[in-house]
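Printed here is input-v5.cif (mmCIF, C-alpha atoms and all ligand atoms):
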```
data_data
#
loop_
_atom_site.label_atom_id
_atom_site.label_comp_id
_atom_site.auth_asym_id
_atom_site.auth_seq_id
_atom_site.Cartn_x
_atom_site.Cartn_y
_atom_site.Cartn_z
CA MET C 1449 -34.80 2.35 -26.91
CA LEU C 1450 -32.17 1.46 -29.52
CA THR C 1451 -29.99 4.42 -28.55
CA LEU C 1452 -30.30 3.28 -24.95
CA ILE C 1453 -29.08 -0.21 -25.85
CA LEU C 1454 -26.26 1.25 -27.94
CA ARG C 1455 -25.31 3.52 -25.08
CA ALA C 1456 -25.31 0.62 -22.64
CA ARG C 1457 -23.13 -1.36 -25.04
CA SER C 1458 -20.60 1.41 -25.52
CA LEU C 1459 -20.57 1.91 -21.76
CA ALA C 1460 -19.83 -1.79 -21.26
CA ALA C 1461 -17.09 -1.62 -23.91
CA GLY C 1462 -15.72 1.45 -22.13
CA VAL C 1463 -15.68 -0.41 -18.83
CA ILE C 1464 -13.79 -3.31 -20.44
CA VAL C 1465 -11.27 -0.86 -21.94
CA LEU C 1466 -10.91 0.75 -18.50
CA LEU C 1467 -10.35 -2.62 -16.88
CA LEU C 1468 -7.67 -3.74 -19.32
CA PRO C 1469 -5.32 -0.81 -19.88
CA PHE C 1470 -2.02 -2.56 -19.34
CA SER C 1471 -2.71 -6.13 -18.34
CA GLY C 1472 -0.21 -8.66 -19.59
CA LEU C 1473 -2.40 -11.30 -21.20
CA HIS C 1474 0.70 -13.23 -22.22
CA ALA C 1475 1.24 -16.57 -20.40
CA ALA C 1476 4.89 -16.59 -19.34
CA ASP C 1477 7.26 -19.16 -20.85
CA LEU C 1478 9.72 -19.99 -18.05
CA GLN C 1479 12.08 -21.92 -20.30
CA ASN C 1480 12.42 -18.94 -22.59
CA GLY C 1481 12.82 -16.77 -19.47
CA GLN C 1482 15.65 -18.96 -18.25
CA ALA C 1483 17.45 -18.66 -21.61
CA VAL C 1484 17.09 -14.86 -21.59
CA TYR C 1485 18.32 -14.78 -17.98
CA ALA C 1486 21.40 -16.87 -18.73
CA SER C 1487 22.39 -14.75 -21.72
CA THR C 1488 21.47 -11.27 -20.43
CA CYS C 1489 21.22 -11.09 -16.65
CA ALA C 1490 23.45 -13.77 -15.10
CA VAL C 1491 26.68 -11.76 -15.62
CA CYS C 1492 25.53 -9.36 -12.93
CA HIS C 1493 22.92 -11.30 -10.97
CA GLY C 1494 24.76 -14.64 -10.87
CA PRO C 1495 23.61 -17.94 -12.38
CA ALA C 1496 20.88 -18.48 -9.74
CA GLY C 1497 19.87 -14.90 -8.84
CA ALA C 1498 22.46 -14.26 -6.11
CA PRO C 1499 25.28 -12.00 -7.35
CA ASP C 1500 28.84 -13.24 -6.93
CA PRO C 1501 30.63 -10.56 -4.85
CA ASN C 1502 34.03 -11.83 -6.10
CA SER C 1503 33.20 -11.30 -9.76
CA PRO C 1504 35.32 -8.44 -11.16
CA LEU C 1505 32.31 -7.27 -13.18
CA VAL C 1506 30.11 -7.07 -10.06
CA GLN C 1507 32.90 -5.31 -8.17
CA GLY C 1508 33.24 -2.82 -11.01
CA LEU C 1509 29.55 -1.88 -10.83
CA GLY C 1510 30.05 0.04 -7.59
CA VAL C 1511 26.68 -1.22 -6.32
CA VAL C 1512 25.76 -4.78 -5.45
CA PRO C 1513 22.94 -6.10 -7.67
CA ALA C 1514 19.89 -7.19 -5.75
CA ASP C 1515 19.81 -10.82 -4.61
CA LEU C 1516 16.80 -12.00 -6.61
CA SER C 1517 16.88 -15.38 -4.85
CA ASP C 1518 16.24 -13.89 -1.40
CA PRO C 1519 12.67 -15.04 -0.64
CA LEU C 1520 11.60 -11.99 1.40
CA PHE C 1521 12.91 -9.56 -1.24
CA ASN C 1522 11.62 -11.64 -4.14
CA SER C 1523 8.14 -11.97 -2.60
CA ARG C 1524 7.64 -8.35 -1.62
CA GLU C 1525 8.37 -6.85 -5.05
CA PRO C 1526 5.38 -7.05 -7.44
CA THR C 1527 6.00 -8.72 -10.82
CA GLY C 1528 4.73 -5.59 -12.59
CA ASP C 1529 7.34 -3.40 -10.86
CA TRP C 1530 10.11 -5.79 -11.83
CA GLU C 1531 8.97 -5.81 -15.45
CA MET C 1532 9.21 -2.01 -15.35
CA VAL C 1533 12.75 -2.20 -13.91
CA VAL C 1534 13.84 -4.74 -16.54
CA ARG C 1535 12.26 -2.75 -19.40
CA TYR C 1536 13.22 0.80 -18.41
CA GLY C 1537 16.24 0.21 -16.15
CA GLY C 1538 17.04 1.01 -12.52
CA HIS C 1539 17.22 4.79 -12.90
CA ALA C 1540 13.68 5.10 -14.29
CA MET C 1541 12.31 3.34 -11.22
CA GLY C 1542 14.42 5.20 -8.66
CA LEU C 1543 17.09 2.48 -8.38
CA ALA C 1544 20.76 2.42 -9.35
CA ALA C 1545 21.49 3.22 -13.01
CA GLN C 1546 23.85 0.20 -13.12
CA MET C 1547 20.73 -1.91 -13.66
CA PRO C 1548 20.45 -1.34 -17.43
CA PRO C 1549 17.24 -0.84 -19.44
CA HIS C 1550 16.41 -3.73 -21.78
CA LYS C 1551 13.55 -2.27 -23.81
CA GLU C 1552 15.71 -2.19 -26.97
CA ALA C 1553 17.35 -5.60 -26.46
CA LEU C 1554 14.31 -7.60 -25.34
CA SER C 1555 10.77 -7.88 -26.69
CA ASP C 1556 7.79 -7.40 -24.33
CA GLU C 1557 7.36 -11.18 -24.23
CA GLN C 1558 11.00 -11.73 -23.35
CA VAL C 1559 10.69 -9.15 -20.54
CA ALA C 1560 7.59 -10.94 -19.21
CA ASP C 1561 9.27 -14.36 -19.50
CA VAL C 1562 12.54 -13.37 -17.82
CA THR C 1563 10.67 -11.58 -15.02
CA ALA C 1564 8.45 -14.62 -14.45
CA TYR C 1565 11.61 -16.71 -14.41
CA VAL C 1566 13.39 -14.58 -11.78
CA LYS C 1567 10.17 -14.61 -9.74
CA SER C 1568 10.33 -18.44 -9.84
CA LEU C 1569 13.96 -18.62 -8.63
CA VAL C 1570 12.89 -19.21 -5.04
CA ASP C 1571 9.84 -20.64 -3.28
CA THR C 1572 8.00 -17.64 -1.83
CA SER C 1573 4.73 -19.41 -1.00
CA ALA C 1574 5.18 -18.73 2.74
CA TYR C 1575 5.30 -14.95 2.14
CA PRO C 1576 2.40 -12.65 1.14
CA PRO C 1577 3.02 -11.48 -2.46
CA GLY C 1578 4.09 -7.89 -3.21
CA GLU C 1579 1.22 -7.72 -5.71
CA MET C 1580 -1.01 -7.34 -2.66
CA ASN C 1581 0.97 -4.40 -1.30
CA LEU C 1582 -1.81 -2.04 -2.38
CA PHE C 1583 -2.00 1.75 -1.97
CA LEU C 1584 -2.35 2.90 1.63
CA PRO C 1585 -5.86 4.34 2.05
CA THR C 1586 -6.56 7.14 4.53
CA ARG C 1587 -8.84 5.36 7.01
CA THR C 1588 -9.31 1.86 5.66
CA LYS C 1589 -6.74 -0.47 7.21
CA LYS C 1590 -4.18 -2.04 4.95
CA ALA C 1591 -3.64 -5.81 4.94
CA PHE C 1592 -0.08 -6.18 3.61
CA PRO C 1593 2.70 -6.42 6.27
CA GLU C 1594 5.13 -3.61 5.59
CA ASP C 1595 8.31 -1.80 6.43
CA GLU C 1596 6.97 1.71 6.44
CA VAL C 1597 7.00 5.07 8.21
CA VAL C 1598 3.81 7.08 7.86
CA TYR C 1599 2.88 10.57 9.01
CA LYS C 1600 -0.83 11.24 9.01
CA GLY C 1601 -2.26 14.67 9.76
CA ARG C 1602 -5.99 15.24 10.18
CA TYR C 1603 -7.42 18.74 10.40
CA SER C 1604 -11.07 18.88 11.49
CA ASN C 1605 -13.07 21.86 10.45
CA GLU C 1606 -15.56 22.38 13.27
CA SER C 1607 -16.82 25.44 15.06
CA GLY C 1608 -14.37 26.64 17.72
CA GLU C 1609 -11.95 23.74 18.16
CA ASN C 1610 -10.42 22.94 14.76
CA PRO C 1611 -8.18 20.21 16.17
CA LEU C 1612 -5.15 18.93 14.30
CA LYS C 1613 -4.44 15.29 15.05
CA SER C 1614 -1.04 13.96 13.99
CA VAL C 1615 -0.10 10.31 13.98
CA LEU C 1616 3.37 8.97 13.35
CA GLU C 1617 3.28 5.27 12.50
CA ILE C 1618 6.31 3.01 12.39
CA GLU C 1619 5.62 -0.37 10.86
CA LYS C 1620 8.20 -3.11 10.72
CA ARG C 1621 7.93 -6.44 9.01
CA ILE C 1622 8.31 -9.35 11.44
CA GLY C 1623 9.14 -12.75 10.00
CA LYS C 1624 7.39 -14.09 6.93
CA ARG C 1625 3.92 -12.68 7.47
CA GLY C 1626 3.86 -10.39 10.48
CA GLN C 1627 4.23 -6.67 11.14
CA GLY C 1628 4.91 -4.77 14.34
CA ILE C 1629 3.12 -1.43 14.81
CA LEU C 1630 4.12 1.61 16.88
CA GLU C 1631 2.05 4.78 16.70
CA LEU C 1632 2.44 8.13 18.41
CA VAL C 1633 -0.67 10.30 18.54
CA HIS C 1634 -0.43 14.06 19.04
CA VAL C 1635 -3.36 16.47 19.34
CA ASN C 1636 -3.24 20.21 18.86
CA ASP C 1637 -6.36 22.30 19.45
CA ALA C 1638 -7.55 25.50 21.10
CA SER C 1639 -6.75 24.21 24.60
CA ARG C 1640 -3.74 21.88 24.23
CA SER C 1641 -0.84 20.63 22.17
CA GLU C 1642 0.32 17.29 23.49
CA LEU C 1643 1.21 13.69 22.86
CA THR C 1644 -1.98 11.88 23.85
CA ASP C 1645 -1.47 8.19 23.04
CA VAL C 1646 1.18 5.62 22.34
CA GLU C 1647 -0.13 2.61 20.44
CA VAL C 1648 1.57 -0.74 20.03
CA GLY C 1649 0.28 -3.61 17.96
CA TYR C 1650 0.82 -6.57 15.73
CA LYS C 1651 -0.62 -7.45 12.32
CA HIS C 1652 -0.60 -10.93 10.84
CA ALA C 1653 -1.35 -11.93 7.26
CA LEU C 1654 -3.90 -14.75 7.61
CA SER C 1655 -4.38 -15.82 4.01
CA TRP C 1656 -3.51 -14.67 0.51
CA SER C 1657 -3.24 -15.41 -3.19
CA ASN C 1658 -2.01 -13.25 -6.05
CA ARG C 1659 -5.39 -11.48 -6.02
CA HIS C 1660 -6.42 -11.36 -2.36
CA ILE C 1661 -5.00 -10.79 1.08
CA LEU C 1662 -6.63 -11.00 4.50
CA SER C 1663 -4.93 -9.89 7.72
CA GLY C 1664 -5.83 -9.49 11.35
CA ALA C 1665 -4.36 -7.05 13.87
CA VAL C 1666 -4.53 -6.19 17.55
CA ILE C 1667 -3.48 -2.77 18.89
CA TYR C 1668 -3.38 -1.39 22.40
CA ALA C 1669 -3.64 2.38 22.68
CA ALA C 1670 -2.16 3.62 25.96
CA PRO C 1671 -2.93 7.19 27.05
CA VAL C 1672 0.20 9.18 27.89
CA ASP C 1673 -1.59 10.75 30.86
CA SER C 1674 -2.88 7.67 32.68
CA GLY C 1675 -5.37 9.85 34.55
CA ASP C 1676 -7.30 10.21 31.28
CA SER C 1677 -8.44 6.61 30.88
CA ASP C 1678 -7.16 3.04 30.89
CA GLY C 1679 -6.62 3.10 27.18
CA GLU C 1680 -8.29 1.23 24.39
CA LEU C 1681 -7.96 -2.14 22.75
CA GLN C 1682 -8.51 -2.20 19.00
CA THR C 1683 -8.71 -5.12 16.68
CA TYR C 1684 -9.28 -5.24 12.96
CA LEU C 1685 -9.57 -7.47 9.94
CA ALA C 1686 -8.21 -5.98 6.71
CA TYR C 1687 -8.81 -7.26 3.21
CA GLY C 1688 -7.37 -6.23 -0.13
CA THR C 1689 -8.06 -7.42 -3.65
CA GLU C 1690 -7.21 -6.56 -7.22
CA LEU C 1691 -10.49 -6.39 -9.13
CA SER C 1692 -8.52 -5.92 -12.34
CA PRO C 1693 -5.02 -4.58 -13.00
CA ALA C 1694 -6.48 -1.07 -12.84
CA TRP C 1695 -8.93 -1.28 -9.93
CA ILE C 1696 -8.04 -2.19 -6.38
CA LEU C 1697 -10.48 -2.59 -3.53
CA GLN C 1698 -9.64 -2.66 0.17
CA GLY C 1699 -11.87 -3.02 3.20
CA SER C 1700 -11.52 -3.25 6.95
CA LEU C 1701 -13.68 -3.93 9.97
CA ARG C 1702 -12.31 -2.43 13.16
CA LEU C 1703 -13.65 -2.90 16.68
CA LYS C 1704 -12.69 -0.52 19.47
CA PHE C 1705 -13.00 -1.49 23.13
CA PRO C 1706 -12.22 1.17 25.76
CA MET C 1707 -10.61 -0.62 28.73
CA ASP C 1708 -12.80 1.29 31.23
CA LYS C 1709 -15.98 0.13 29.58
CA ALA C 1710 -15.80 -2.01 26.47
CA SER C 1711 -19.46 -1.35 25.67
CA ASP C 1712 -18.63 2.34 25.12
CA GLY C 1713 -16.67 1.32 22.03
CA ALA C 1714 -17.61 1.37 18.39
CA ALA C 1715 -17.37 -0.67 15.21
CA GLU C 1716 -15.98 0.87 12.05
CA LEU C 1717 -16.46 -0.52 8.57
CA ALA C 1718 -14.41 1.11 5.81
CA GLY C 1719 -13.88 0.48 2.12
CA ALA C 1720 -11.50 2.06 -0.40
CA LEU C 1721 -11.47 1.89 -4.18
CA HIS C 1722 -8.43 3.12 -6.16
CA TYR C 1723 -7.96 3.54 -9.89
CA VAL C 1724 -4.41 2.50 -10.81
CA HIS C 1725 -4.38 3.89 -14.33
CA SER C 1726 -0.63 3.61 -14.94
CA PRO C 1727 2.25 1.26 -14.07
CA TRP C 1728 4.44 4.34 -13.50
CA PRO C 1729 4.48 5.08 -9.75
CA ARG C 1730 5.07 8.85 -9.96
CA GLN C 1731 1.51 9.69 -10.94
CA VAL C 1732 -1.68 10.96 -9.35
CA PHE C 1733 -4.09 8.12 -8.58
CA PRO C 1734 -7.67 8.88 -7.54
CA GLY C 1735 -9.43 6.95 -4.82
CA LEU C 1736 -12.64 7.00 -2.80
CA GLU C 1737 -13.32 5.70 0.67
CA ILE C 1738 -16.67 5.20 2.37
CA ILE C 1739 -16.65 4.77 6.15
CA ALA C 1740 -19.43 3.78 8.54
CA GLU C 1741 -19.00 3.96 12.31
CA GLN C 1742 -21.50 2.56 14.79
CA PRO C 1743 -21.26 2.78 18.61
CA TYR C 1744 -22.13 -0.54 20.28
CA ARG C 1745 -24.64 1.11 22.57
CA SER C 1746 -26.79 2.38 19.85
CA ARG C 1747 -29.02 5.35 20.14
CA ASN C 1748 -31.11 6.61 17.28
CA GLY C 1749 -29.13 8.16 14.46
CA ASP C 1750 -25.77 7.08 15.87
CA LEU C 1751 -24.54 5.45 12.69
CA GLU C 1752 -22.07 7.87 11.12
CA TRP C 1753 -21.33 7.73 7.41
CA THR C 1754 -18.59 9.62 5.66
CA ALA C 1755 -17.16 9.80 2.15
CA LEU C 1756 -13.46 10.45 1.66
CA PRO C 1757 -12.36 11.29 -1.88
CA GLN C 1758 -8.56 11.33 -2.12
CA VAL C 1759 -5.54 11.26 -4.38
CA ARG C 1760 -2.35 9.32 -4.05
CA ILE C 1761 0.65 11.16 -5.46
CA GLY C 1762 3.82 9.16 -6.04
CA LEU C 1763 6.75 11.45 -5.19
CA THR C 1764 9.81 9.34 -5.97
CA ARG C 1765 10.45 7.63 -9.31
CA GLY C 1766 9.80 4.25 -7.70
CA GLY C 1767 6.89 5.54 -5.60
CA HIS C 1768 8.42 4.44 -2.30
CA VAL C 1769 7.75 7.92 -0.94
CA ALA C 1770 4.21 9.09 -1.62
CA LEU C 1771 1.67 11.63 -0.50
CA ASN C 1772 -2.04 11.10 0.00
CA LEU C 1773 -4.42 14.05 0.20
CA GLY C 1774 -8.05 13.53 1.15
CA LEU C 1775 -11.16 15.40 2.22
CA GLU C 1776 -13.66 13.61 4.44
CA LEU C 1777 -17.25 14.69 4.13
CA PRO C 1778 -19.96 13.80 6.66
CA LEU C 1779 -22.95 12.03 5.16
CA SER C 1780 -24.89 11.90 8.44
CA GLY C 1781 -25.37 14.54 11.15
CA GLN C 1782 -21.77 14.82 12.42
CA SER C 1783 -20.66 17.80 14.52
CA TRP C 1784 -17.77 18.67 12.18
CA ASP C 1785 -18.07 20.22 8.71
CA ASN C 1786 -15.26 18.35 7.01
CA ARG C 1787 -11.82 16.90 7.66
CA ALA C 1788 -8.71 17.32 5.58
CA TYR C 1789 -6.06 14.59 5.62
CA LEU C 1790 -2.44 14.67 4.59
CA THR C 1791 -0.54 11.38 4.64
CA LEU C 1792 3.15 11.10 3.83
CA LEU C 1793 4.47 7.58 3.56
CA TRP C 1794 7.92 6.16 3.16
CA ASP C 1795 8.28 2.47 2.30
CA PHE C 1796 11.78 2.03 3.73
CA ALA C 1797 12.18 -1.54 2.43
CA ASP C 1798 12.65 0.07 -1.01
CA GLY C 1799 15.43 2.39 0.07
CA GLY C 1800 16.31 5.60 1.88
CA PHE C 1801 13.91 8.55 1.99
CA PHE C 1802 16.04 10.66 -0.36
CA LYS C 1803 16.60 7.94 -2.99
CA GLY C 1804 15.13 8.30 -6.46
CA TRP C 1805 13.48 11.76 -6.40
C1 LIG H 1 25.21 -4.64 -15.68
C2 LIG H 1 24.68 -5.40 -14.57
C3 LIG H 1 23.24 -5.84 -14.60
C4 LIG H 1 22.60 -6.55 -15.59
C5 LIG H 1 23.14 -7.01 -16.92
C6 LIG H 1 21.27 -6.76 -15.09
N1 LIG H 1 21.10 -6.22 -13.85
FE1 LIG H 1 19.42 -6.27 -12.73
N2 LIG H 1 20.32 -5.07 -11.31
C7 LIG H 1 21.63 -4.65 -11.36
C8 LIG H 1 21.89 -3.83 -10.20
C9 LIG H 1 23.20 -3.15 -9.85
C10 LIG H 1 20.69 -3.79 -9.44
C11 LIG H 1 20.45 -3.07 -8.10
C12 LIG H 1 19.79 -1.74 -8.28
C13 LIG H 1 19.53 -1.07 -6.95
O1 LIG H 1 19.25 -1.77 -5.97
O2 LIG H 1 19.55 0.17 -6.89
C14 LIG H 1 19.75 -4.60 -10.18
C15 LIG H 1 18.43 -4.81 -9.76
C16 LIG H 1 17.57 -5.68 -10.38
C17 LIG H 1 16.25 -6.01 -9.87
C18 LIG H 1 15.68 -5.55 -8.56
C19 LIG H 1 14.75 -4.40 -8.62
C20 LIG H 1 14.29 -3.99 -7.24
O3 LIG H 1 13.09 -4.05 -7.00
O4 LIG H 1 15.11 -3.61 -6.39
C21 LIG H 1 15.71 -6.91 -10.74
C22 LIG H 1 14.36 -7.57 -10.64
C23 LIG H 1 16.67 -7.11 -11.80
N3 LIG H 1 17.77 -6.35 -11.55
C24 LIG H 1 16.46 -7.98 -12.85
C25 LIG H 1 17.35 -8.11 -13.92
C26 LIG H 1 17.08 -8.90 -15.08
C27 LIG H 1 15.84 -9.76 -15.29
C28 LIG H 1 18.13 -8.73 -15.93
C29 LIG H 1 18.31 -9.31 -17.31
C30 LIG H 1 17.26 -9.05 -18.28
C31 LIG H 1 19.07 -7.86 -15.25
N4 LIG H 1 18.56 -7.49 -14.07
C32 LIG H 1 20.29 -7.48 -15.79
C33 LIG H 1 22.54 -4.92 -12.35
C34 LIG H 1 22.29 -5.63 -13.52
#
```
Please re-express this file's structure in structure tokens.
Ligand code: HEC
Amino acid sequence: MLTLILRARSLAAGVIVLLLPFSGLHAADLQNGQAVYASTCAVCHGPAGAPDPNSPLVQGLGVVPADLSDPLFNSREPTGDWEMVVRYGGHAMGLAAQMPPHKEALSDEQVADVTAYVKSLVDTSAYPPGEMNLFLPTRTKKAFPEDEVVYKGRYSNESGENPLKSVLEIEKRIGKRGQGILELVHVNDASRSELTDVEVGYKHALSWSNRHILSGAVIYAAPVDSGDSDGELQTYLAYGTELSPAWILQGSLRLKFPMDKASDGAAELAGALHYVHSPWPRQVFPGLEIIAEQPYRSRNGDLEWTALPQVRIGLTRGGHVALNLGLELPLSGQSWDNRAYLTLLWDFADGGFFKGW
């Protein structure tokens, strides 16, 4: 009994250690941050965060320092990423080397204070925070509105057909909280290799804090060959939250309504848990998704469950190009044996595809 209690206690301690690997428990001192900014950063970034293009020093850099007072830019970059840039310099995070490292010159507290100060340079309350730009899961829908290009390949291992479905997604931030969606769907199997659908949609961030985000989206999938069907309307709610600095949880509820007969559609509930064990983006991060899909017109045994273990692999130093590899396993009587996924994503708001490898 005692060993059991001891084990439970060490397990709990282990969980706490897992949950707190690199959390900054320091409450930022903005006044100190302002002083550090004025003495260390303002020469390049300007007195209020916007660089002065006429300054000889800025001209000599050969690259224009980021405008930290631009609300869209300021809001979409997570505080943790900026602390990394300030501490280790631009090069370490895939940015220009002209942004110098400050890990020798500034203490950890000064880095936290000055970063909190630059974050406070502009009111970003109307924009969803970059902290909630969580890892893109394979099937669970993501809530944060992005500027991103994603290729997703799905190979189904099933007797005879073995179809490869490829989706190219182009996502563009619209305004303060919206995102336009364009998707091209291509299917390649034993009998065909063709573009099957073009999907257009819009996602809107409905509510957020530094720990949560909730979005809603509507997508219309139009078949390329209109003889096939009238297409499908899809709508989803997507939610993301940071359980702790190391654990992120995302979930989505998606409803599909075929235009021919809405009742032939299905509801899909998906959840994804990722372990973010390091603040360095170029790492391998494990994740697990669980997906349940239920046709509206239910027959016995129609509820399909799958598990989708996966890894996110940051490819560039800043992680703005990343790979996700996953294997989906049926947990109920599906016709396929398993499905392999490869997702390549490029967050183009953070720079060109070839930057920072
Ligand atoms: C010698 C000039 C210089 C100094 C000093 C400097 N920076 Fe920078 N900083 C830059 C340049 C140039 C960039 C743009 C890098 C790029 O976009 O590739 C930049 C980028 C940044 C970014 C944006 C990172 C991103 O996500 O794109 C932040 C935040 C930042 N600097 C904060 C600071 C802070 C805080 C200090 C003071 C502790 C500081 N910088 C000092 C030149 C400087």
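The smallest atom-to-atom distance between Pro1593 of chain C and any of C:Gly1528, C:Pro1501, C:Pro1519, C:Gly1664, using only C-alpha atoms, is found for C:Gly1664.
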>> Taking all atoms listed in the file into account, which residues have an atom no farther than 6 Å from ligand LIG 1 (chain H)? I'd like them as a list of chain:residue names.
In response: C:Tyr1485, C:Thr1488, C:Cys1489, C:Cys1492, C:Val1511, C:Val1512, C:Pro1513, C:Ala1514, C:Glu1525, C:Trp1530, C:Val1534, C:Gly1538, C:Leu1543, C:Ala1544, C:Gln1546, C:Met1547, C:Pro1548, C:Val1562, C:Thr1563
I want to know what sits within 9 Å of segment 1566-1569 of chain C, based on only C-alpha atoms, with residues of the same chain fewer than 6 positions away left out; could you give that as a tab-separated table (two decimals) with C-alpha atoms, in the coordinates of the input?
```tsv
chain	number	residue	atom	x	y	z
C	1478	LEU	CA	9.72	-19.99	-18.05
C	1481	GLY	CA	12.82	-16.77	-19.47
C	1482	GLN	CA	15.65	-18.96	-18.25
C	1485	TYR	CA	18.32	-14.78	-17.98
C	1496	ALA	CA	20.88	-18.48	-9.74
C	1497	GLY	CA	19.87	-14.90	-8.84
C	1516	LEU	CA	16.80	-12.00	-6.61
C	1517	SER	CA	16.88	-15.38	-4.85
C	1518	ASP	CA	16.24	-13.89	-1.40
C	1519	PRO	CA	12.67	-15.04	-0.64
C	1522	ASN	CA	11.62	-11.64	-4.14
C	1523	SER	CA	8.14	-11.97	-2.60
C	1527	THR	CA	6.00	-8.72	-10.82
```
>> The residues within 12 Å of (10.2, -9.1, -23.5), using all atoms listed in the file and the coordinates of the file, should be reported as an MDAnalysis selection string; which are they?
In response: chainID C and resid 1472 1474 1476:1477 1480:1481 1484:1485 1488 1531:1532 1534:1536 1549:1565
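For segment 1672-1686 of chain C, the set of protein, DNA and RNA residues having any atom at most 7 Å away, when counting all atoms listed in the file and skipping those fewer than 5 positions along the same chain, is Lys1589, Lys1590, Ala1591, Leu1643, Thr1644, Asp1645, Val1646, Leu1662, Ser1663, Gly1664, Ala1665, Val1666, Ile1667, Gly1699, Ser1700, Leu1701, Arg1702, Leu1703, Lys1704, Phe1705, Pro1706, Met1707 and Asp1708 of chain C.
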>> Calculated over only C-alpha atoms, which of the candidates C:Val1570, C:Ala1714, C:Ala1720, C:Leu1792 has the smallest distance to Ile1738 of chain C?
In response: C:Ala1720
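Taking atom CA of Arg1730 of chain C and atom CA of Lys1803 of chain C as endpoints, the distance between them is 13.5 Å.
Atom pair atom CA of Phe1733 of chain C / atom CA of Leu1582 of chain C has a distance of 12.1 Å (rounded to one decimal).
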>> What does the structure give for the distance between atom CA of Met1580 of chain C and atom CA of Ile1696 of chain C, in Å to one decimal?
In response: 9.5 Å
Non-local contacts of Val1759 of chain C (6 Å; all atoms listed in the file; under 5 positions in same chain excluded) as a JSON list (two decimals) with C-alpha atoms, in the frame of the given file:
```json
[["chain", "number", "residue", "atom", "x", "y", "z"],
["C", 1733, "PHE", "CA", -4.09, 8.12, -8.58],
["C", 1734, "PRO", "CA", -7.67, 8.88, -7.54],
["C", 1735, "GLY", "CA", -9.43, 6.95, -4.82],
["C", 1772, "ASN", "CA", -2.04, 11.10, 0.00],
["C", 1773, "LEU", "CA", -4.42, 14.05, 0.20]]
```
>> List the spatial neighbours of Glu1617 of chain C as a PyMOL selection string - criterion: any atom at most 9 Å away, all atoms listed in the file, same-chain residues fewer than 2 positions off excluded.
In response: chain C and resi 1596-1600+1615+1619+1629-1633
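Using all atoms listed in the file, the contacts of Gln1731 of chain C at a cut-off of 6 Å, with sequence neighbours closer than 2 positions omitted, comprise Pro1729, Ile1761 and Gly1762 of chain C.
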> Taking into account only C-alpha atoms, which residue in the set C:Val1732, C:Leu1697, C:Ile1622, C:Leu1612 is nearest to Arg1787 of chain C?
Replying inline: C:Leu1612
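Nearest to Phe1796 of chain C of all the residues C:Arg1621, C:Gln1698, C:His1660, C:Val1491 is C:Arg1621, based on all atoms listed in the file.
Closest approach to Leu1763 of chain C from the set C:Leu1775, C:Asp1637, C:Ala1718, C:Gly1542 is made by C:Gly1542, with distances taken over only C-alpha atoms.
For the residues C:Asn1581, C:Thr1689, C:Ser1711, C:Thr1586, ranking by smallest atom-to-atom distance to Gln1758 of chain C using all atoms listed in the file places C:Thr1586 first.
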Model the absent atoms of segment 1671-1681 of chain C so that N, CA and C atoms are present, and write the result as a PDB file, keeping the file's coordinate frame.
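See selection-v9.pdb below for the written result:
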```
ATOM      1  N   PRO C1671      -2.960   5.730  26.905  1.00  0.00           N
ATOM      2  CA  PRO C1671      -2.930   7.190  27.050  1.00  0.00           C
ATOM      3  C   PRO C1671      -1.628   7.606  27.731  1.00  0.00           C
ATOM      4  N   VAL C1672      -1.050   8.716  27.292  1.00  0.00           N
ATOM      5  CA  VAL C1672       0.200   9.180  27.890  1.00  0.00           C
ATOM      6  C   VAL C1672      -0.054   9.636  29.327  1.00  0.00           C
ATOM      7  N   ASP C1673      -1.188  10.326  29.520  1.00  0.00           N
ATOM      8  CA  ASP C1673      -1.590  10.750  30.860  1.00  0.00           C
ATOM      9  C   ASP C1673      -2.552   9.700  31.396  1.00  0.00           C
ATOM     10  N   SER C1674      -2.067   8.830  32.281  1.00  0.00           N
ATOM     11  CA  SER C1674      -2.880   7.670  32.680  1.00  0.00           C
ATOM     12  C   SER C1674      -4.118   8.093  33.460  1.00  0.00           C
ATOM     13  N   GLY C1675      -4.160   9.370  33.899  1.00  0.00           N
ATOM     14  CA  GLY C1675      -5.370   9.850  34.550  1.00  0.00           C
ATOM     15  C   GLY C1675      -6.544   9.940  33.589  1.00  0.00           C
ATOM     16  N   ASP C1676      -6.245  10.029  32.286  1.00  0.00           N
ATOM     17  CA  ASP C1676      -7.300  10.210  31.280  1.00  0.00           C
ATOM     18  C   ASP C1676      -8.234   9.006  31.203  1.00  0.00           C
ATOM     19  N   SER C1677      -7.637   7.827  31.034  1.00  0.00           N
ATOM     20  CA  SER C1677      -8.440   6.610  30.880  1.00  0.00           C
ATOM     21  C   SER C1677      -7.486   5.425  30.984  1.00  0.00           C
ATOM     22  N   ASP C1678      -8.013   4.232  30.849  1.00  0.00           N
ATOM     23  CA  ASP C1678      -7.160   3.040  30.890  1.00  0.00           C
ATOM     24  C   ASP C1678      -6.726   2.624  29.495  1.00  0.00           C
ATOM     25  N   GLY C1679      -7.033   3.435  28.532  1.00  0.00           N
ATOM     26  CA  GLY C1679      -6.620   3.100  27.180  1.00  0.00           C
ATOM     27  C   GLY C1679      -7.700   2.328  26.426  1.00  0.00           C
ATOM     28  N   GLU C1680      -7.298   1.863  25.264  1.00  0.00           N
ATOM     29  CA  GLU C1680      -8.290   1.230  24.390  1.00  0.00           C
ATOM     30  C   GLU C1680      -7.645   0.066  23.653  1.00  0.00           C
ATOM     31  N   LEU C1681      -8.418  -1.002  23.525  1.00  0.00           N
ATOM     32  CA  LEU C1681      -7.960  -2.140  22.750  1.00  0.00           C
ATOM     33  C   LEU C1681      -8.675  -2.078  21.397  1.00  0.00           C
TER      34      LEU C1681
END
```
